[in-house]
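Engineer: I'm passing along run_2.cif; it holds mmCIF, C-alpha atoms and all ligand atoms; chains and numbers go by the auth columns.
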data_start
#
loop_
_atom_site.group_PDB
_atom_site.id
_atom_site.type_symbol
_atom_site.label_atom_id
_atom_site.label_comp_id
_atom_site.label_asym_id
_atom_site.label_seq_id
_atom_site.Cartn_x
_atom_site.Cartn_y
_atom_site.Cartn_z
_atom_site.B_iso_or_equiv
_atom_site.auth_seq_id
_atom_site.auth_asym_id
ATOM 1 C CA MET A 1 -5.705 -17.466 -29.861 0.00 1 A
ATOM 2 C CA PRO A 2 -4.044 -14.399 -31.450 0.00 2 A
ATOM 3 C CA SER A 3 -1.921 -12.274 -29.132 0.00 3 A
ATOM 4 C CA GLN A 4 -3.137 -8.735 -28.622 0.00 4 A
ATOM 5 C CA THR A 5 -0.428 -6.101 -28.935 0.00 5 A
ATOM 6 C CA PRO A 6 -1.368 -3.153 -26.744 0.00 6 A
ATOM 7 C CA ALA A 7 0.284 0.219 -27.232 0.00 7 A
ATOM 8 C CA ARG A 8 1.679 0.125 -23.746 0.00 8 A
ATOM 9 C CA PRO A 9 4.001 -2.571 -22.408 0.00 9 A
ATOM 10 C CA SER A 10 2.506 -5.110 -20.044 0.00 10 A
ATOM 11 C CA LEU A 11 3.955 -6.430 -16.821 0.00 11 A
ATOM 12 C CA CYS A 12 2.492 -9.762 -15.756 0.00 12 A
ATOM 13 C CA VAL A 13 2.668 -10.016 -11.966 0.00 13 A
ATOM 14 C CA PHE A 14 2.444 -13.343 -10.164 0.00 14 A
ATOM 15 C CA CYS A 15 1.866 -12.896 -6.429 0.00 15 A
ATOM 16 C CA GLY A 16 0.091 -14.277 -3.400 0.00 16 A
ATOM 17 C CA ALA A 17 -3.650 -14.569 -3.004 0.00 17 A
ATOM 18 C CA LYS A 18 -2.857 -14.041 0.678 0.00 18 A
ATOM 19 C CA MET A 19 -1.225 -11.049 2.379 0.00 19 A
ATOM 20 C CA GLY A 20 1.564 -12.928 4.158 0.00 20 A
ATOM 21 C CA VAL A 21 2.644 -12.039 7.682 0.00 21 A
ATOM 22 C CA ASN A 22 5.116 -9.284 6.784 0.00 22 A
ATOM 23 C CA PRO A 23 3.398 -5.981 5.936 0.00 23 A
ATOM 24 C CA ALA A 24 6.376 -5.130 3.713 0.00 24 A
ATOM 25 C CA HIS A 25 4.918 -7.449 1.085 0.00 25 A
ATOM 26 C CA ALA A 26 1.609 -5.593 0.769 0.00 26 A
ATOM 27 C CA GLU A 27 3.495 -2.312 0.751 0.00 27 A
ATOM 28 C CA ALA A 28 5.690 -3.592 -2.074 0.00 28 A
ATOM 29 C CA ALA A 29 2.612 -4.708 -4.034 0.00 29 A
ATOM 30 C CA ARG A 30 1.076 -1.247 -3.700 0.00 30 A
ATOM 31 C CA ARG A 31 4.292 0.485 -4.724 0.00 31 A
ATOM 32 C CA LEU A 32 4.627 -1.767 -7.732 0.00 32 A
ATOM 33 C CA GLY A 33 1.045 -1.011 -8.782 0.00 33 A
ATOM 34 C CA GLN A 34 1.677 2.709 -8.487 0.00 34 A
ATOM 35 C CA ALA A 35 4.868 2.430 -10.540 0.00 35 A
ATOM 36 C CA ILE A 36 3.109 0.398 -13.236 0.00 36 A
ATOM 37 C CA ALA A 37 0.552 3.180 -13.616 0.00 37 A
ATOM 38 C CA ALA A 38 3.033 6.044 -13.306 0.00 38 A
ATOM 39 C CA GLN A 39 5.328 4.621 -15.980 0.00 39 A
ATOM 40 C CA GLY A 40 2.531 3.864 -18.425 0.00 40 A
ATOM 41 C CA TRP A 41 2.649 0.084 -18.199 0.00 41 A
ATOM 42 C CA ARG A 42 -0.346 -2.235 -17.988 0.00 42 A
ATOM 43 C CA LEU A 43 -0.802 -4.728 -15.174 0.00 43 A
ATOM 44 C CA VAL A 44 -1.588 -8.296 -16.241 0.00 44 A
ATOM 45 C CA TYR A 45 -2.510 -10.575 -13.356 0.00 45 A
ATOM 46 C CA GLY A 46 -4.879 -13.225 -12.018 0.00 46 A
ATOM 47 C CA ALA A 47 -7.876 -10.882 -11.579 0.00 47 A
ATOM 48 C CA GLY A 48 -8.407 -11.593 -7.893 0.00 48 A
ATOM 49 C CA ASP A 49 -9.284 -9.004 -5.263 0.00 49 A
ATOM 50 C CA VAL A 50 -7.596 -10.837 -2.401 0.00 50 A
ATOM 51 C CA GLY A 51 -4.118 -10.760 -0.865 0.00 51 A
ATOM 52 C CA LEU A 52 -1.246 -9.178 -2.741 0.00 52 A
ATOM 53 C CA MET A 53 -3.184 -9.666 -5.991 0.00 53 A
ATOM 54 C CA GLY A 54 -5.826 -7.244 -4.787 0.00 54 A
ATOM 55 C CA GLU A 55 -3.213 -4.831 -3.456 0.00 55 A
ATOM 56 C CA VAL A 56 -1.291 -4.515 -6.705 0.00 56 A
ATOM 57 C CA ALA A 57 -4.473 -4.215 -8.779 0.00 57 A
ATOM 58 C CA ARG A 58 -6.130 -1.583 -6.583 0.00 58 A
ATOM 59 C CA ALA A 59 -2.910 0.440 -6.460 0.00 59 A
ATOM 60 C CA THR A 60 -2.584 0.332 -10.263 0.00 60 A
ATOM 61 C CA GLN A 61 -6.212 1.360 -10.715 0.00 61 A
ATOM 62 C CA GLY A 62 -5.974 4.031 -8.022 0.00 62 A
ATOM 63 C CA ALA A 63 -3.053 5.628 -9.840 0.00 63 A
ATOM 64 C CA GLY A 64 -4.960 5.620 -13.129 0.00 64 A
ATOM 65 C CA GLY A 65 -3.236 2.631 -14.703 0.00 65 A
ATOM 66 C CA ALA A 66 -4.559 -0.033 -17.037 0.00 66 A
ATOM 67 C CA THR A 67 -5.329 -3.503 -15.723 0.00 67 A
ATOM 68 C CA PHE A 68 -5.860 -6.817 -17.496 0.00 68 A
ATOM 69 C CA GLY A 69 -7.059 -9.684 -15.328 0.00 69 A
ATOM 70 C CA VAL A 70 -7.662 -13.354 -16.103 0.00 70 A
ATOM 71 C CA ILE A 71 -9.495 -15.690 -13.754 0.00 71 A
ATOM 72 C CA PRO A 72 -10.904 -19.183 -14.174 0.00 72 A
ATOM 73 C CA VAL A 73 -14.619 -19.475 -13.562 0.00 73 A
ATOM 74 C CA HIS A 74 -14.232 -21.776 -10.560 0.00 74 A
ATOM 75 C CA LEU A 75 -12.112 -19.176 -8.687 0.00 75 A
ATOM 76 C CA MET A 76 -14.504 -16.277 -9.225 0.00 76 A
ATOM 77 C CA GLN A 77 -15.842 -16.601 -5.681 0.00 77 A
ATOM 78 C CA MET A 78 -12.761 -17.841 -3.848 0.00 78 A
ATOM 79 C CA GLU A 79 -10.448 -15.158 -5.237 0.00 79 A
ATOM 80 C CA VAL A 80 -13.171 -12.492 -5.561 0.00 80 A
ATOM 81 C CA GLY A 81 -13.008 -11.849 -9.296 0.00 81 A
ATOM 82 C CA LYS A 82 -12.322 -8.153 -9.797 0.00 82 A
ATOM 83 C CA ARG A 83 -14.823 -7.187 -12.477 0.00 83 A
ATOM 84 C CA ASP A 84 -13.937 -3.482 -12.637 0.00 84 A
ATOM 85 C CA LEU A 85 -10.564 -4.034 -14.342 0.00 85 A
ATOM 86 C CA SER A 86 -9.864 -2.370 -17.707 0.00 86 A
ATOM 87 C CA THR A 87 -10.085 -5.863 -19.206 0.00 87 A
ATOM 88 C CA PHE A 88 -11.603 -8.788 -17.298 0.00 88 A
ATOM 89 C CA VAL A 89 -11.303 -12.254 -18.808 0.00 89 A
ATOM 90 C CA VAL A 90 -12.952 -15.394 -17.416 0.00 90 A
ATOM 91 C CA THR A 91 -11.462 -18.707 -18.557 0.00 91 A
ATOM 92 C CA GLU A 92 -12.659 -22.286 -18.209 0.00 92 A
ATOM 93 C CA THR A 93 -9.409 -23.628 -16.762 0.00 93 A
ATOM 94 C CA MET A 94 -6.232 -22.704 -14.896 0.00 94 A
ATOM 95 C CA HIS A 95 -4.186 -23.595 -17.949 0.00 95 A
ATOM 96 C CA GLU A 96 -6.138 -21.146 -20.096 0.00 96 A
ATOM 97 C CA ARG A 97 -5.652 -18.494 -17.448 0.00 97 A
ATOM 98 C CA LYS A 98 -1.894 -18.910 -17.455 0.00 98 A
ATOM 99 C CA LYS A 99 -1.787 -18.971 -21.231 0.00 99 A
ATOM 100 C CA VAL A 100 -3.810 -15.772 -21.629 0.00 100 A
ATOM 101 C CA MET A 101 -1.743 -14.008 -18.968 0.00 101 A
ATOM 102 C CA PHE A 102 1.502 -15.094 -20.621 0.00 102 A
ATOM 103 C CA MET A 103 0.403 -14.171 -24.141 0.00 103 A
ATOM 104 C CA ASN A 104 -0.525 -10.680 -23.033 0.00 104 A
ATOM 105 C CA ALA A 105 2.708 -9.997 -21.136 0.00 105 A
ATOM 106 C CA ASP A 106 5.960 -8.413 -22.246 0.00 106 A
ATOM 107 C CA VAL A 107 7.733 -9.004 -18.947 0.00 107 A
ATOM 108 C CA ILE A 108 6.901 -11.423 -16.140 0.00 108 A
ATOM 109 C CA ALA A 109 7.504 -10.545 -12.500 0.00 109 A
ATOM 110 C CA MET A 110 6.903 -12.392 -9.267 0.00 110 A
ATOM 111 C CA LEU A 111 6.226 -10.726 -5.935 0.00 111 A
ATOM 112 C CA PRO A 112 6.081 -12.839 -2.764 0.00 112 A
ATOM 113 C CA GLY A 113 3.459 -15.560 -2.909 0.00 113 A
ATOM 114 C CA GLY A 114 2.724 -19.207 -2.279 0.00 114 A
ATOM 115 C CA ALA A 115 2.478 -22.428 -4.227 0.00 115 A
ATOM 116 C CA GLY A 116 0.323 -20.885 -6.964 0.00 116 A
ATOM 117 C CA SER A 117 2.858 -18.138 -7.623 0.00 117 A
ATOM 118 C CA LEU A 118 5.665 -20.694 -7.630 0.00 118 A
ATOM 119 C CA ASP A 119 3.779 -22.835 -10.127 0.00 119 A
ATOM 120 C CA GLU A 120 3.383 -19.839 -12.413 0.00 120 A
ATOM 121 C CA PHE A 121 7.041 -18.847 -12.014 0.00 121 A
ATOM 122 C CA PHE A 122 8.361 -22.320 -12.733 0.00 122 A
ATOM 123 C CA GLU A 123 6.150 -22.690 -15.752 0.00 123 A
ATOM 124 C CA VAL A 124 7.530 -19.562 -17.426 0.00 124 A
ATOM 125 C CA LEU A 125 11.061 -20.430 -16.265 0.00 125 A
ATOM 126 C CA THR A 126 10.903 -23.941 -17.692 0.00 126 A
ATOM 127 C CA TRP A 127 9.384 -22.635 -20.920 0.00 127 A
ATOM 128 C CA ALA A 128 12.385 -20.282 -21.181 0.00 128 A
ATOM 129 C CA GLN A 129 14.728 -23.184 -20.398 0.00 129 A
ATOM 130 C CA ILE A 130 13.503 -25.132 -23.413 0.00 130 A
ATOM 131 C CA GLY A 131 13.564 -22.083 -25.646 0.00 131 A
ATOM 132 C CA LEU A 132 9.836 -21.429 -25.951 0.00 132 A
ATOM 133 C CA HIS A 133 10.195 -17.734 -25.160 0.00 133 A
ATOM 134 C CA GLN A 134 12.684 -15.024 -24.284 0.00 134 A
ATOM 135 C CA LYS A 135 10.475 -12.806 -22.147 0.00 135 A
ATOM 136 C CA PRO A 136 12.316 -11.303 -19.171 0.00 136 A
ATOM 137 C CA ILE A 137 11.456 -12.890 -15.806 0.00 137 A
ATOM 138 C CA TRP A 138 11.966 -10.707 -12.747 0.00 138 A
ATOM 139 C CA LEU A 139 11.998 -12.175 -9.268 0.00 139 A
ATOM 140 C CA ILE A 140 11.142 -9.290 -6.959 0.00 140 A
ATOM 141 C CA ASP A 141 12.869 -9.930 -3.678 0.00 141 A
ATOM 142 C CA VAL A 142 11.082 -8.171 -0.823 0.00 142 A
ATOM 143 C CA ALA A 143 12.676 -8.540 2.624 0.00 143 A
ATOM 144 C CA GLY A 144 14.693 -11.534 1.450 0.00 144 A
ATOM 145 C CA TYR A 145 11.543 -13.561 0.777 0.00 145 A
ATOM 146 C CA TRP A 146 12.906 -15.326 -2.297 0.00 146 A
ATOM 147 C CA HIS A 147 16.394 -16.100 -0.958 0.00 147 A
ATOM 148 C CA PRO A 148 15.431 -19.738 -0.224 0.00 148 A
ATOM 149 C CA LEU A 149 14.083 -20.126 -3.764 0.00 149 A
ATOM 150 C CA VAL A 150 17.291 -18.810 -5.301 0.00 150 A
ATOM 151 C CA ALA A 151 19.285 -21.090 -2.990 0.00 151 A
ATOM 152 C CA LEU A 152 17.173 -24.059 -4.122 0.00 152 A
ATOM 153 C CA ILE A 153 17.772 -23.250 -7.784 0.00 153 A
ATOM 154 C CA ASP A 154 21.521 -22.880 -7.114 0.00 154 A
ATOM 155 C CA HIS A 155 21.410 -26.276 -5.367 0.00 155 A
ATOM 156 C CA VAL A 156 19.657 -27.865 -8.350 0.00 156 A
ATOM 157 C CA ILE A 157 22.384 -26.490 -10.630 0.00 157 A
ATOM 158 C CA ALA A 158 25.207 -27.526 -8.263 0.00 158 A
ATOM 159 C CA GLN A 159 23.820 -31.063 -8.128 0.00 159 A
ATOM 160 C CA GLY A 160 23.801 -31.314 -11.893 0.00 160 A
ATOM 161 C CA PHE A 161 20.063 -31.291 -12.494 0.00 161 A
ATOM 162 C CA ALA A 162 20.055 -28.039 -14.439 0.00 162 A
ATOM 163 C CA ALA A 163 22.563 -26.153 -16.536 0.00 163 A
ATOM 164 C CA PRO A 164 24.187 -23.094 -14.950 0.00 164 A
ATOM 165 C CA SER A 165 22.459 -21.101 -17.692 0.00 165 A
ATOM 166 C CA LEU A 166 19.170 -21.620 -15.814 0.00 166 A
ATOM 167 C CA ARG A 167 20.369 -18.896 -13.503 0.00 167 A
ATOM 168 C CA ASP A 168 20.562 -16.486 -16.468 0.00 168 A
ATOM 169 C CA LEU A 169 16.899 -16.950 -17.371 0.00 169 A
ATOM 170 C CA PHE A 170 15.597 -14.851 -14.488 0.00 170 A
ATOM 171 C CA GLN A 171 16.829 -11.858 -12.577 0.00 171 A
ATOM 172 C CA VAL A 172 16.568 -11.224 -8.865 0.00 172 A
ATOM 173 C CA LEU A 173 15.720 -7.556 -8.402 0.00 173 A
ATOM 174 C CA THR A 174 14.757 -5.242 -5.587 0.00 174 A
ATOM 175 C CA LEU A 175 11.522 -3.316 -5.924 0.00 175 A
ATOM 176 C CA GLU A 176 13.572 -0.178 -6.545 0.00 176 A
ATOM 177 C CA GLU A 177 15.401 -1.871 -9.403 0.00 177 A
ATOM 178 C CA VAL A 178 12.105 -3.003 -10.914 0.00 178 A
ATOM 179 C CA CYS A 179 10.648 0.502 -10.685 0.00 179 A
ATOM 180 C CA ALA A 180 13.767 1.884 -12.381 0.00 180 A
ATOM 181 C CA ARG A 181 13.378 -0.618 -15.219 0.00 181 A
ATOM 182 C CA LEU A 182 9.766 0.386 -15.748 0.00 182 A
ATOM 183 C CA GLU A 183 11.000 3.944 -16.335 0.00 183 A
ATOM 184 C CA LYS A 184 13.109 2.959 -19.357 0.00 184 A
HETATM 185 P P1 LIG B . -0.679 -18.314 -4.218 0.00 1 B
HETATM 186 O O1 LIG B . 0.700 -17.835 -4.554 0.00 1 B
HETATM 187 O O2 LIG B . -0.730 -19.779 -3.834 0.00 1 B
HETATM 188 O O3 LIG B . -1.368 -17.440 -3.216 0.00 1 B
HETATM 189 O O4 LIG B . -1.514 -18.244 -5.564 0.00 1 B
HETATM 190 C C1 LIG B . -1.412 -17.118 -6.383 0.00 1 B
HETATM 191 C C2 LIG B . -2.260 -17.291 -7.588 0.00 1 B
HETATM 192 O O5 LIG B . -1.833 -18.451 -8.283 0.00 1 B
HETATM 193 C C3 LIG B . -3.744 -17.488 -7.294 0.00 1 B
HETATM 194 O O6 LIG B . -4.484 -16.711 -8.210 0.00 1 B
HETATM 195 C C4 LIG B . -3.961 -18.940 -7.583 0.00 1 B
HETATM 196 O O7 LIG B . -5.252 -19.175 -8.090 0.00 1 B
HETATM 197 C C5 LIG B . -2.960 -19.201 -8.645 0.00 1 B
HETATM 198 N N1 LIG B . -2.665 -20.626 -8.698 0.00 1 B
HETATM 199 C C6 LIG B . -2.810 -21.558 -7.739 0.00 1 B
HETATM 200 N N2 LIG B . -2.471 -22.785 -8.177 0.00 1 B
HETATM 201 C C7 LIG B . -2.113 -22.622 -9.455 0.00 1 B
HETATM 202 C C8 LIG B . -1.678 -23.497 -10.486 0.00 1 B
HETATM 203 N N3 LIG B . -1.523 -24.803 -10.298 0.00 1 B
HETATM 204 N N4 LIG B . -1.416 -22.955 -11.679 0.00 1 B
HETATM 205 C C9 LIG B . -1.554 -21.652 -11.881 0.00 1 B
HETATM 206 N N5 LIG B . -1.952 -20.778 -10.971 0.00 1 B
HETATM 207 C C10 LIG B . -2.241 -21.251 -9.779 0.00 1 B
#
As structure tokens, what does this structure read like?
Structural biologist:
Amino acid sequence: MPSQTPARPSLCVFCGAKMGVNPAHAEAARRLGQAIAAQGWRLVYGAGDVGLMGEVARATQGAGGATFGVIPVHLMQMEVGKRDLSTFVVTETMHERKKVMFMNADVIAMLPGGAGSLDEFFEVLTWAQIGLHQKPIWLIDVAGYWHPLVALIDHVIAQGFAAPSLRDLFQVLTLEEVCARLEK
């Protein structure tokens, strides 16, 4: 499938299909969506209208930004496929979804989320580890949510199951730092 090269840069956001218990996470998703629109980026995401996914998408749209969503057909109901996106793609499988999201992204970011977000994060991280891409990966740490993940990765490195260079393949950033990077 040929990669489309849009005029504006695209930020692929992995995040929860749930809201989480801390309202700071939904607030961060909304602020990220607003920044994506304000700085002329395009949101690429899983096309759901639930949880943080819905928050970031509605905030991007509300601020006049472009949105590109990809959802597998079997999640259309469960994740409330958001058909009013600038571009709405329905795939047959989860693997196609991840591939289309990745191919249409310049930078990958992860807000707080659950097992699905972690799966997406580790896929792009492990692809980077074996040299399949050099796209930046930003771990957006809201209220310390990802500290245990970073500690786990440090543990994996300390125990000799990954090279220390794994730590260089992603960056842990605050929301403010991410917004500043979108300005450049
Ligand atoms: P979660 O972080 O678990 O709330 O899931 C966030 C998003 O990841 C949702 O759109 C899920 O459909 C998606 N997801 C769940 N499992 C997987 C998986 N194995 N591979 C890719 N995406 C997934």
Engineer: Residues within 10 Å of Ser117 of chain A, please, as a list in words. Count all atoms listed in the file; anything in the same chain fewer than 4 positions from it doesn't count.
Structural biologist: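 That gives Val13, Phe14, Cys15, Gly16, Ala17, Met110, Leu111, Pro112, Gly113, Phe121, Phe122 and Glu123 of chain A.
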Engineer: How far is it from atom CA of Val50 of chain A to atom CA of Ile108 of chain A, in Å with one decimal?
Structural biologist: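 Computing it gives 20.0 Å between the two atoms.
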Engineer: Can you work out which one of A:Thr87, A:Val100, A:Asp49, A:Val44 has the shortest atom-to-atom distance to Leu75 of chain A, counting all atoms listed in the file?
Structural biologist: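 Nearest to Leu75 of chain A: A:Asp49.
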Engineer: Choose the residue, out of A:Leu139, A:Met94, A:Leu11, A:Ala38, that has the smallest atom-to-atom separation from Gly65 of chain A; count only C-alpha atoms.
Structural biologist: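 Of A:Leu139, A:Met94, A:Leu11, A:Ala38, the one nearest Gly65 of chain A is A:Ala38, counting only C-alpha atoms.
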Engineer: Please compute the atom C10 of ligand LIG 1 (chain B)-atom CA of Ile36 of chain A distance, one decimal, in Å.
Structural biologist: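 These two atoms are separated by 22.6 Å.
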Engineer: Centre and edge lengths of an axis-aligned box around all listed atoms of segment 31-34 of chain A, with 8 Å added on each side, are to be given in Å to one decimal, as JSON.
Structural biologist:
{"center_x": 2.8, "center_y": 0.5, "center_z": -6.8, "size_x": 19.6, "size_y": 20.5, "size_z": 20.1}
Engineer: Show me a table, sorted first by chain and then by increasing residue number, of the residues of segment 3-80 of chain A having an atom at most 12 Å from segment 150-174 of chain A, each with its shortest atom pair and the distance in Å to one decimal, counting only C-alpha atoms and written as a Markdown table.
Structural biologist:
| residue | atom | partner | partner_atom | distance |
| --- | --- | --- | --- | --- |
| A:Ala28 | CA | A:Thr174 | CA | 9.9 |
| A:Arg31 | CA | A:Thr174 | CA | 12.0 |
| A:Leu32 | CA | A:Thr174 | CA | 10.9 |
Engineer: Can you measure atom CA of Ala105 of chain A to atom CA of Cys12 of chain A for me? One decimal in Å is fine.
Structural biologist: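 Computing the Euclidean distance for atom CA of Ala105 of chain A and atom CA of Cys12 of chain A yields 5.4 Å.
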Engineer: Run the PyMOL selection byres (((chain A and resi 20) around 10) and not hetatm) against the file shown and list the residues it catches, as a list in words.
Structural biologist: Gly16, Ala17, Lys18, Met19, Val21, Asn22, Pro23, Ala24, His25, Ala26, Gly51, Leu52, Pro112, Gly113 and Gly114 of chain A
Engineer: Smallest atom-to-atom distance to Asp84 of chain A: which of A:His147, A:His133, A:Arg58, A:Arg181, using all atoms listed in the file?
Structural biologist: A:Arg58
Engineer: Expand the PyMOL selection byres (((chain A and resi 104) around 12) and not hetatm) into the individual residues it matches in the shown file, reporting them as a PyMOL selection string.
Structural biologist: chain A and resi 1-13+42-45+67-70+87+89+97-103+105-108+135
Engineer: Which residue, A:Gln129, A:Gln134, A:Val142, A:Gln77, has the smallest gap to Glu27 of chain A when you use all atoms listed in the file?
Structural biologist: A:Val142
Engineer: From the list A:Leu132, A:Ala57, A:Ala47, A:Ala63, which residue is nearest ligand LIG 1 (chain B) when using only C-alpha atoms and all ligand atoms?
Structural biologist: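 Result for the nearest residue to ligand LIG 1 (chain B): A:Ala47.
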Engineer: Got a sec to write segment 168-183 of chain A of the block to a file, N, CA, C and O atoms, as a PDB file, in the first residue's frame?
Structural biologist:
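Dumped everything to selection-v6.pdb:
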ATOM      1  N   ASP A 168      17.100   4.869  24.043  1.00  0.00           N
ATOM      2  CA  ASP A 168      17.255   6.035  23.155  1.00  0.00           C
ATOM      3  C   ASP A 168      16.204   6.051  22.044  1.00  0.00           C
ATOM      4  O   ASP A 168      16.136   7.005  21.275  1.00  0.00           O
ATOM      5  N   LEU A 169      15.425   4.997  21.943  1.00  0.00           N
ATOM      6  CA  LEU A 169      14.481   4.883  20.824  1.00  0.00           C
ATOM      7  C   LEU A 169      13.142   5.548  21.104  1.00  0.00           C
ATOM      8  O   LEU A 169      12.277   5.610  20.237  1.00  0.00           O
ATOM      9  N   PHE A 170      12.953   5.982  22.342  1.00  0.00           N
ATOM     10  CA  PHE A 170      11.731   6.738  22.670  1.00  0.00           C
ATOM     11  C   PHE A 170      12.083   7.816  23.677  1.00  0.00           C
ATOM     12  O   PHE A 170      13.102   7.726  24.358  1.00  0.00           O
ATOM     13  N   GLN A 171      11.247   8.821  23.729  1.00  0.00           N
ATOM     14  CA  GLN A 171      11.500   9.931  24.639  1.00  0.00           C
ATOM     15  C   GLN A 171      10.311  10.108  25.571  1.00  0.00           C
ATOM     16  O   GLN A 171       9.158  10.070  25.118  1.00  0.00           O
ATOM     17  N   VAL A 172      10.600  10.304  26.836  1.00  0.00           N
ATOM     18  CA  VAL A 172       9.549  10.550  27.811  1.00  0.00           C
ATOM     19  C   VAL A 172       9.398  12.063  27.934  1.00  0.00           C
ATOM     20  O   VAL A 172      10.349  12.759  28.299  1.00  0.00           O
ATOM     21  N   LEU A 173       8.225  12.561  27.594  1.00  0.00           N
ATOM     22  CA  LEU A 173       7.998  14.001  27.527  1.00  0.00           C
ATOM     23  C   LEU A 173       6.752  14.391  28.318  1.00  0.00           C
ATOM     24  O   LEU A 173       5.792  13.612  28.391  1.00  0.00           O
ATOM     25  N   THR A 174       6.771  15.591  28.852  1.00  0.00           N
ATOM     26  CA  THR A 174       5.543  16.129  29.437  1.00  0.00           C
ATOM     27  C   THR A 174       4.664  16.640  28.294  1.00  0.00           C
ATOM     28  O   THR A 174       5.134  16.842  27.155  1.00  0.00           O
ATOM     29  N   LEU A 175       3.415  16.870  28.600  1.00  0.00           N
ATOM     30  CA  LEU A 175       2.512  17.412  27.577  1.00  0.00           C
ATOM     31  C   LEU A 175       3.023  18.765  27.080  1.00  0.00           C
ATOM     32  O   LEU A 175       2.959  19.059  25.876  1.00  0.00           O
ATOM     33  N   GLU A 176       3.562  19.560  27.993  1.00  0.00           N
ATOM     34  CA  GLU A 176       4.086  20.870  27.602  1.00  0.00           C
ATOM     35  C   GLU A 176       5.237  20.705  26.621  1.00  0.00           C
ATOM     36  O   GLU A 176       5.353  21.457  25.645  1.00  0.00           O
ATOM     37  N   GLU A 177       6.095  19.753  26.879  1.00  0.00           N
ATOM     38  CA  GLU A 177       7.226  19.514  25.966  1.00  0.00           C
ATOM     39  C   GLU A 177       6.730  19.048  24.593  1.00  0.00           C
ATOM     40  O   GLU A 177       7.271  19.446  23.565  1.00  0.00           O
ATOM     41  N   VAL A 178       5.707  18.225  24.586  1.00  0.00           N
ATOM     42  CA  VAL A 178       5.152  17.767  23.306  1.00  0.00           C
ATOM     43  C   VAL A 178       4.560  18.949  22.544  1.00  0.00           C
ATOM     44  O   VAL A 178       4.809  19.124  21.339  1.00  0.00           O
ATOM     45  N   CYS A 179       3.804  19.779  23.230  1.00  0.00           N
ATOM     46  CA  CYS A 179       3.191  20.941  22.568  1.00  0.00           C
ATOM     47  C   CYS A 179       4.283  21.855  22.000  1.00  0.00           C
ATOM     48  O   CYS A 179       4.139  22.388  20.891  1.00  0.00           O
ATOM     49  N   ALA A 180       5.364  22.023  22.724  1.00  0.00           N
ATOM     50  CA  ALA A 180       6.466  22.860  22.243  1.00  0.00           C
ATOM     51  C   ALA A 180       7.087  22.250  20.981  1.00  0.00           C
ATOM     52  O   ALA A 180       7.454  22.971  20.047  1.00  0.00           O
ATOM     53  N   ARG A 181       7.193  20.946  20.941  1.00  0.00           N
ATOM     54  CA  ARG A 181       7.767  20.295  19.754  1.00  0.00           C
ATOM     55  C   ARG A 181       6.850  20.427  18.538  1.00  0.00           C
ATOM     56  O   ARG A 181       7.331  20.508  17.405  1.00  0.00           O
ATOM     57  N   LEU A 182       5.555  20.439  18.774  1.00  0.00           N
ATOM     58  CA  LEU A 182       4.635  20.600  17.646  1.00  0.00           C
ATOM     59  C   LEU A 182       4.763  21.992  17.029  1.00  0.00           C
ATOM     60  O   LEU A 182       4.452  22.180  15.850  1.00  0.00           O
ATOM     61  N   GLU A 183       5.255  22.952  17.820  1.00  0.00           N
ATOM     62  CA  GLU A 183       5.404  24.318  17.316  1.00  0.00           C
ATOM     63  C   GLU A 183       6.547  24.455  16.330  1.00  0.00           C
ATOM     64  O   GLU A 183       6.585  25.373  15.533  1.00  0.00           O
TER      65      GLU A 183
END
